[in-house]
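Colleague: As input, take start33.txt (compact mmCIF, C-alpha atoms):
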```txt
# COMPACT_ATOMS: atom_id res chain seq x y z
CA ALA N 125 -6.70 28.30 10.66
CA ALA N 126 -9.94 26.79 9.34
CA PHE N 127 -8.92 23.35 10.64
CA LYS N 128 -8.07 24.76 14.09
CA PHE N 129 -11.38 26.59 14.22
CA LYS N 130 -13.33 23.45 13.29
CA THR N 131 -11.43 21.42 15.87
CA ALA N 132 -12.18 23.98 18.59
CA CYS N 133 -15.86 24.01 17.61
CA ASP N 134 -16.05 20.22 17.74
CA LEU N 135 -14.47 20.14 21.20
CA LEU N 136 -16.81 22.84 22.55
CA LYS N 137 -19.80 21.02 21.11
CA VAL N 138 -18.81 17.83 22.94
CA ASP N 139 -17.97 19.66 26.16
CA LEU N 140 -20.98 22.00 26.33
CA GLY N 141 -23.60 20.14 24.36
CA ASP N 142 -25.71 21.06 21.32
CA ASP N 143 -28.21 23.00 23.42
CA VAL N 144 -25.50 25.44 24.52
CA PHE N 145 -23.02 25.63 21.67
CA ASP N 146 -23.80 25.69 17.97
CA ALA N 147 -21.07 26.90 15.61
CA ASP N 148 -23.67 27.88 13.01
CA SER N 149 -25.11 30.44 15.42
CA LEU N 150 -21.77 32.19 16.00
CA PRO N 151 -21.60 35.74 14.62
CA THR N 152 -19.44 36.22 11.54
CA ILE N 153 -17.09 39.19 11.90
CA GLY N 154 -15.17 40.20 8.79
CA LEU N 155 -11.53 41.25 8.78
CA GLY N 156 -9.98 43.09 5.83
CA HIS N 157 -6.63 44.79 5.18
CA SER N 158 -5.70 47.37 2.54
CA LEU N 159 -7.35 46.43 -0.76
CA GLY N 160 -8.94 43.54 1.10
CA CYS N 161 -11.02 46.19 2.88
CA LYS N 162 -12.23 47.43 -0.49
CA VAL N 163 -13.24 43.86 -1.36
CA GLN N 164 -14.93 43.56 2.04
CA VAL N 165 -16.93 46.74 1.45
CA LEU N 166 -18.01 45.50 -1.98
CA LEU N 167 -18.82 42.04 -0.62
CA ASN N 168 -21.32 43.65 1.74
CA SER N 169 -22.62 46.21 -0.76
CA VAL N 170 -23.56 43.95 -3.68
CA LYS N 171 -26.49 41.60 -3.16
CA ASP N 172 -25.17 38.80 -5.38
CA ALA N 173 -21.86 38.86 -3.49
CA ARG N 174 -23.64 38.76 -0.13
CA ASP N 175 -25.76 35.83 -1.26
CA ALA N 176 -22.67 33.97 -2.49
CA ALA N 177 -20.92 34.52 0.85
CA GLY N 178 -23.77 32.72 2.59
CA ARG N 179 -23.55 34.02 6.15
CA PRO N 180 -24.33 37.66 6.92
CA ARG N 181 -21.69 39.74 8.70
CA ALA N 182 -22.43 40.84 12.26
CA ALA N 183 -19.58 43.35 12.13
CA ASN N 184 -16.50 44.22 10.10
CA VAL N 185 -12.92 45.24 10.93
CA HIS N 186 -11.17 47.44 8.35
CA MET N 187 -7.37 47.73 8.68
CA ALA N 188 -5.52 50.36 6.62
CA PHE N 189 -8.39 50.81 4.16
CA ASN N 190 -7.04 51.53 0.67
CA ASN N 191 -9.41 52.83 -1.98
CA PHE N 192 -6.88 54.57 -4.21
CA GLY N 193 -6.68 53.81 -7.93
CA ALA N 194 -4.48 50.96 -9.10
CA LYS N 195 -1.52 53.17 -10.06
CA GLN N 196 -1.32 54.65 -6.57
CA SER N 197 -2.01 51.39 -4.75
CA ILE N 198 0.45 49.32 -6.81
CA PRO N 199 3.16 51.61 -8.26
CA ILE N 200 4.75 48.78 -10.25
CA LEU N 201 1.48 48.02 -12.06
CA THR N 202 2.34 50.15 -15.12
CA GLU N 203 5.69 48.39 -15.51
CA LEU N 204 3.99 45.00 -15.26
CA GLY N 205 1.47 46.07 -17.90
CA ASN N 206 4.24 47.12 -20.28
CA LEU N 207 6.04 43.84 -19.68
CA GLN N 208 2.87 41.89 -20.47
CA GLN N 209 2.28 43.80 -23.70
CA ASN N 210 5.88 43.34 -24.84
CA PHE N 211 5.63 39.63 -24.10
CA GLN N 212 2.40 39.38 -26.12
CA LYS N 213 3.97 41.23 -29.03
CA GLY N 214 6.94 38.85 -29.01
CA ILE N 215 4.69 35.80 -29.16
CA ALA N 216 2.50 37.42 -31.80
CA GLU N 217 5.50 37.90 -34.09
CA VAL N 218 6.18 34.17 -34.19
CA ALA N 219 2.50 33.25 -34.51
CA PRO N 220 2.68 32.60 -38.31
CA VAL N 221 5.65 30.27 -37.85
CA LEU N 222 3.96 28.32 -35.05
CA ASP N 223 0.75 28.12 -37.05
CA GLY N 224 2.71 26.70 -40.00
CA ILE N 225 4.33 24.07 -37.79
CA SER N 226 0.94 23.14 -36.31
CA SER N 227 -0.58 22.76 -39.78
CA PHE N 228 2.38 20.65 -40.91
CA THR N 229 2.06 18.28 -37.92
CA LYS N 230 -1.66 17.84 -38.62
CA GLU N 231 -0.86 16.81 -42.20
CA ILE N 232 1.85 14.32 -41.32
CA ARG N 233 -0.40 12.70 -38.71
CA LYS N 234 -2.67 11.72 -41.60
CA ASN N 235 0.14 9.78 -43.26
CA ALA N 236 -0.59 6.07 -42.81
CA GLU N 237 3.08 5.12 -43.27
CA LEU N 238 4.02 7.20 -40.22
CA LYS N 239 1.15 5.96 -38.06
CA ASP N 240 3.29 3.62 -35.94
CA MET N 241 5.88 6.32 -35.27
CA LEU N 242 3.49 9.20 -34.66
CA GLY N 243 0.78 7.27 -32.85
CA THR N 244 2.70 6.85 -29.60
CA PRO N 245 1.64 8.67 -26.38
CA GLN N 246 4.91 10.66 -26.46
CA ALA N 247 4.21 11.90 -29.99
CA ALA N 248 0.63 12.78 -29.04
CA LYS N 249 1.89 14.96 -26.17
CA ALA N 250 4.35 16.68 -28.50
CA PHE N 251 1.60 17.46 -31.02
CA GLU N 252 -0.65 18.73 -28.23
CA PHE N 253 2.11 21.06 -27.04
CA ILE N 254 2.65 22.43 -30.57
CA ASP N 255 -1.09 23.09 -30.96
CA MET N 256 -1.15 24.85 -27.58
CA LEU N 257 1.74 27.13 -28.60
CA SER N 258 0.03 27.95 -31.86
CA ASN N 259 -3.27 28.82 -30.15
CA THR N 260 -1.48 30.93 -27.53
CA ALA N 261 0.35 32.87 -30.24
CA LYS N 262 -2.90 33.49 -32.13
CA ALA N 263 -4.56 34.80 -28.98
CA ALA N 264 -1.59 37.06 -28.27
CA ALA N 265 -1.70 38.42 -31.82
CA ALA N 266 -5.39 39.20 -31.44
CA ASN N 267 -4.81 41.08 -28.17
CA THR N 268 -1.74 43.14 -29.03
CA GLN N 269 -3.90 46.12 -29.98
CA GLY N 270 -5.89 46.03 -26.76
CA GLU N 271 -5.09 48.36 -23.89
CA PHE N 272 -3.81 47.07 -20.56
CA SER N 273 -6.24 48.04 -17.82
CA GLU N 274 -4.43 50.06 -15.17
CA GLU N 275 -7.40 50.82 -12.95
CA PHE N 276 -9.56 48.83 -10.59
CA SER N 277 -13.21 48.25 -11.20
CA PRO N 278 -15.29 49.53 -9.54
CA SER N 279 -13.47 52.85 -9.25
CA PRO N 280 -12.78 54.50 -5.86
CA GLU N 281 -15.79 56.78 -6.36
CA ASP N 282 -18.08 53.89 -7.31
CA THR N 283 -16.92 51.88 -4.30
CA LEU N 284 -18.04 54.60 -1.89
CA ARG N 285 -21.24 55.08 -3.88
CA LEU N 286 -22.07 51.38 -3.52
CA LEU N 287 -21.31 51.60 0.21
CA ASP N 288 -23.71 54.50 0.56
CA LEU N 289 -26.42 52.69 -1.38
CA ASP N 290 -26.39 49.15 -0.01
CA TYR N 291 -23.60 48.38 2.49
CA ASP N 292 -25.48 46.49 5.20
CA VAL N 293 -23.02 45.98 8.09
CA SER N 294 -23.82 48.64 10.69
CA ARG N 295 -21.09 47.78 13.22
CA ASN N 296 -17.55 48.63 12.12
CA LEU N 297 -14.04 49.04 13.50
CA VAL N 298 -11.66 51.10 11.37
CA ILE N 299 -7.91 50.99 12.12
CA LYS N 300 -5.53 53.64 10.81
CA PHE N 301 -1.74 53.28 11.22
CA THR N 302 0.26 56.41 11.97
CA GLU N 303 2.97 55.79 9.36
CA ASP N 304 0.69 54.68 6.52
CA THR N 305 0.96 56.81 3.38
CA ILE N 306 -1.76 55.09 1.30
CA ASP N 307 -4.42 54.85 3.99
CA GLN N 308 -7.94 56.16 3.37
CA SER N 309 -9.56 55.29 6.66
CA ILE N 310 -10.92 58.79 7.20
CA PRO N 311 -13.04 58.88 4.01
CA LEU N 312 -14.29 55.39 4.92
CA CYS N 313 -15.24 56.58 8.40
CA GLU N 314 -17.03 59.61 6.98
CA ALA N 315 -19.11 57.38 4.69
CA LEU N 316 -19.90 54.91 7.50
CA ARG N 317 -20.77 57.70 9.92
CA THR N 318 -23.18 59.30 7.45
CA LYS N 319 -24.89 55.97 6.80
CA PHE N 320 -25.07 54.56 10.32
CA THR N 321 -24.02 56.69 13.29
CA ASP N 322 -24.72 60.30 12.36
CA LYS N 323 -27.52 61.64 14.58
CA ASP N 324 -29.34 63.14 11.59
CA THR N 325 -28.69 60.74 8.71
CA GLY N 326 -27.63 57.48 10.37
CA SER N 327 -29.76 54.39 10.74
CA GLY N 328 -27.98 53.17 13.88
CA GLY N 329 -24.89 51.10 14.55
CA ARG N 330 -21.36 51.30 15.89
CA LEU N 331 -18.30 52.99 14.44
CA ASP N 332 -14.88 52.92 16.15
CA LEU N 333 -11.78 54.57 14.71
CA LYS N 334 -8.48 53.51 16.26
CA ARG N 335 -5.15 55.16 15.43
CA LEU N 336 -2.31 52.75 16.13
CA PRO N 337 1.48 52.90 15.71
CA GLY N 338 2.68 51.06 12.62
CA SER N 339 2.68 51.18 8.85
CA HIS N 340 0.58 49.83 6.00
CA ILE N 341 2.30 46.44 6.24
CA THR N 342 2.08 46.01 10.02
CA PRO N 343 -0.74 43.43 9.69
CA ASN N 344 1.53 41.39 7.35
CA THR N 345 4.42 41.20 9.81
CA PRO N 346 6.08 37.75 9.95
CA ASP N 347 7.16 36.07 13.18
CA LEU N 348 10.04 38.15 14.58
CA ASP N 349 10.38 36.53 18.02
CA ASP N 350 13.70 34.84 17.22
CA LEU N 351 15.19 38.04 15.84
CA ALA N 352 13.99 40.07 18.83
CA ALA N 353 15.54 37.53 21.19
CA GLY N 354 18.88 37.56 19.35
CA ARG N 355 18.53 33.96 18.18
CA VAL N 356 19.01 34.89 14.52
CA PRO N 357 22.60 35.72 13.50
CA VAL N 358 22.92 38.80 11.30
CA GLU N 359 25.98 37.76 9.30
CA GLY N 360 28.06 40.60 7.93
CA MET N 361 26.01 43.16 9.86
CA GLU N 362 27.41 42.66 13.35
CA GLY N 363 27.28 46.40 14.06
CA PHE N 364 23.53 46.45 13.36
CA GLU N 365 22.47 43.46 15.48
CA SER N 366 21.30 45.61 18.37
CA GLN N 367 19.35 47.91 16.07
CA SER N 368 17.74 44.91 14.36
CA ARG N 369 16.66 43.43 17.68
CA ASP N 370 15.27 46.74 18.90
CA LYS N 371 13.32 47.25 15.66
CA ALA N 372 11.96 43.71 15.83
CA LYS N 373 10.76 44.31 19.40
CA GLU N 374 9.10 47.57 18.33
CA VAL N 375 7.27 45.90 15.46
CA ILE N 376 6.18 42.99 17.68
CA GLN N 377 4.68 45.49 20.12
CA GLN N 378 2.79 47.11 17.25
CA VAL N 379 1.38 43.76 16.11
CA GLU N 380 0.41 42.81 19.66
CA GLY N 381 -1.31 46.18 20.10
CA LEU N 382 -3.24 45.62 16.88
CA ALA N 383 -4.29 42.13 17.98
CA GLU N 384 -5.46 43.47 21.34
CA VAL N 385 -7.64 46.15 19.72
CA VAL N 386 -9.19 43.72 17.22
CA GLY N 387 -9.69 41.07 19.91
CA GLU N 388 -11.43 43.51 22.23
CA PHE N 389 -13.78 44.64 19.48
CA ILE N 390 -14.68 41.03 18.68
CA ARG N 391 -15.27 40.23 22.37
CA GLU N 392 -17.54 43.23 22.74
CA GLU N 393 -19.49 42.34 19.62
CA ALA N 394 -19.90 38.77 20.84
CA LEU N 395 -21.72 40.16 23.88
CA VAL N 396 -24.22 42.11 21.81
CA GLU N 397 -27.77 40.94 22.53
CA GLY N 398 -28.60 37.98 20.30
CA PHE N 399 -25.11 36.47 20.43
CA GLN N 400 -25.41 35.10 23.96
CA PRO N 401 -25.30 31.34 24.59
CA ARG N 402 -28.74 29.81 24.29
CA ASN N 403 -28.62 28.37 27.82
CA ARG N 404 -26.87 30.87 30.06
CA LYS N 405 -27.58 28.95 33.27
CA ARG N 406 -25.78 25.90 31.99
CA MET N 407 -22.86 28.04 30.84
CA SER N 408 -22.49 29.40 34.37
CA GLY N 409 -22.51 25.90 35.82
CA ALA N 410 -26.10 25.69 37.01
CA THR N 411 -27.93 22.44 36.32
CA GLY N 412 -31.41 23.26 37.50
CA PRO N 413 -33.52 24.73 40.31
CA GLY N 414 -31.70 24.82 43.61
CA SER N 415 -28.27 24.59 42.07
CA SER N 416 -25.57 26.53 43.86
```
Show me the file's structure as structure tokens.

Modeller:
Amino acid sequence: AAFKFKTACDLLKVDLGDDVFDADSLPTIGLGHSLGCKVQVLLNSVKDARDAAGRPRAANVHMAFNNFGAKQSIPILTELGNLQQNFQKGIAEVAPVLDGISSFTKEIRKNAELKDMLGTPQAAKAFEFIDMLSNTAKAAAANTQGEFSEEFSPSPEDTLRLLDLDYDVSRNLVIKFTEDTIDQSIPLCEALRTKFTDKDTGSGGRLDLKRLPGSHITPNTPDLDDLAAGRVPVEGMEGFESQSRDKAKEVIQQVEGLAEVVGEFIREEALVEGFQPRNRKRMSGATGPGSS
């Protein structure tokens, strides 16, 4: 996508000229989904993060905002944490053995009589691998008593607090899907409204809330055109082919509807004063006084 964007910018620059088109002057509009929206909010609420990003955001699009705790956002997180701890304990149990082997290899490498045999590149790699295993086991042993963090930082409450304090993007589109069970778009809208668009407390801006058909994973939908057109055989499920095609068509419509809403918001924001081409006459085809 970045390569296509750069190519398009280069072509426009050649076609229109530097005085009309400058990619560096284009507005940057952020797009986040689910926990990516949380990251997007934090990116624009923490000064160091904003400075690192480089270009300020003209507007942001938030799809299926998720600000729940880790356990609710990722139900399998606890199981993954238990698996990690069990794995660490297993390595820690063999740490003394691996440490003994590592110590033994260090001693035999000092033996001058074995220098020719143990001085080869292959032997060096083997010794390096043994040392790595020993160090990994020691680290695992040191961490077996530590607790596995099952929550995000900052917390949901702190995320909204940071938004209230220093979120600096006043123009926002929030998209909520009708079949999304972990969506928190409404609390996000309430915080944005209070900060920017409320007639009593807001500092000015734009806030759109769009409710669209779909689920939390609608923005992650893969290409379903072949399935919708019946070009993908559903082996062993012949009785469900029609249902599969119909569902694929439904999901495609949802994705296209989402793209239309986001695209329209971006087009409207691109027309906000200050984002116009620097030479509007040339853009419209005029070349000077008297041009028709």

Colleague: Could you give me the centre and size, in Å to one decimal, of an axis-aligned box around all listed atoms of stretch 157-163 of chain N with 3 Å added on every side, as AutoDock Vina command-line options?

Modeller:
```
--center_x -9.5 --center_y 45.5 --center_z 1.9 --size_x 13.5 --size_y 9.9 --size_z 12.5
```

Colleague: What does the structure give for the distance between atom CA of N:Asp134 and atom CA of N:Leu395, in Å to one decimal?

Modeller: 21.6 Å

Colleague: With distances taken over all atoms listed in the file, which residue among N:Tyr291, N:Cys133, N:Asp322, N:Ala173 lies nearest N:Asp146?

Modeller: N:Cys133

Colleague: From the set N:Val396, N:Gly338, N:Asp350, N:Leu286, which residue has the shortest atom-to-atom contact distance to N:Glu380, counting all atoms listed in the file?

Modeller: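 Nearest candidate to N:Glu380 out of N:Val396, N:Gly338, N:Asp350, N:Leu286: N:Gly338.
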
Colleague: For atom CA of N:Ala383 and atom CA of N:Asp175, quote the distance in Å rounded to one decimal.

Modeller: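 Between atom CA of N:Ala383 and atom CA of N:Asp175 the gap is 29.5 Å.
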
Colleague: Grab the atom CA of N:Arg391 to atom CA of N:Ile153 distance for me, in Å with one decimal place.

Modeller: 10.7 Å

Colleague: Taking 6 positions as the minimum chain separation for residues in the same chain, which residues sit within 7 Å of stretch 300-305 of chain N when counting all atoms listed in the file? Answer as a PDB file with C-alpha atoms, keeping the file's coordinate frame.

Modeller:
```pdb
ATOM      1  CA  MET N 187      -7.370  47.730   8.680  1.00  0.00           C
ATOM      2  CA  ALA N 188      -5.520  50.360   6.620  1.00  0.00           C
ATOM      3  CA  LYS N 334      -8.480  53.510  16.260  1.00  0.00           C
ATOM      4  CA  ARG N 335      -5.150  55.160  15.430  1.00  0.00           C
ATOM      5  CA  LEU N 336      -2.310  52.750  16.130  1.00  0.00           C
ATOM      6  CA  PRO N 337       1.480  52.900  15.710  1.00  0.00           C
ATOM      7  CA  GLY N 338       2.680  51.060  12.620  1.00  0.00           C
ATOM      8  CA  SER N 339       2.680  51.180   8.850  1.00  0.00           C
ATOM      9  CA  HIS N 340       0.580  49.830   6.000  1.00  0.00           C
TER      10      HIS N 340
END
```

Colleague: Got a sec: who's within 9 Å of N:Ser279, counting all atoms listed in the file, leaving out chain neighbours fewer than 4 positions off, as a list in words?

Modeller: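 Counting all atoms listed in the file, the residues come to Asn191, Phe192, Gly193, Glu275, Thr283 and Leu284 of chain N.
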
Colleague: Measuring between all atoms listed in the file, which one of N:Leu166, N:Leu159, N:Leu150, N:Ala352 shows the shortest distance to N:Asp282?

Modeller: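 Closest to N:Asp282 of all the choices is N:Leu166.
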
Colleague: For N:Lys171, please output as a count of residues only all residues within 12 Å (counting all atoms listed in the file; exclusion window: fewer than 5 positions along the same chain).

Modeller: 12
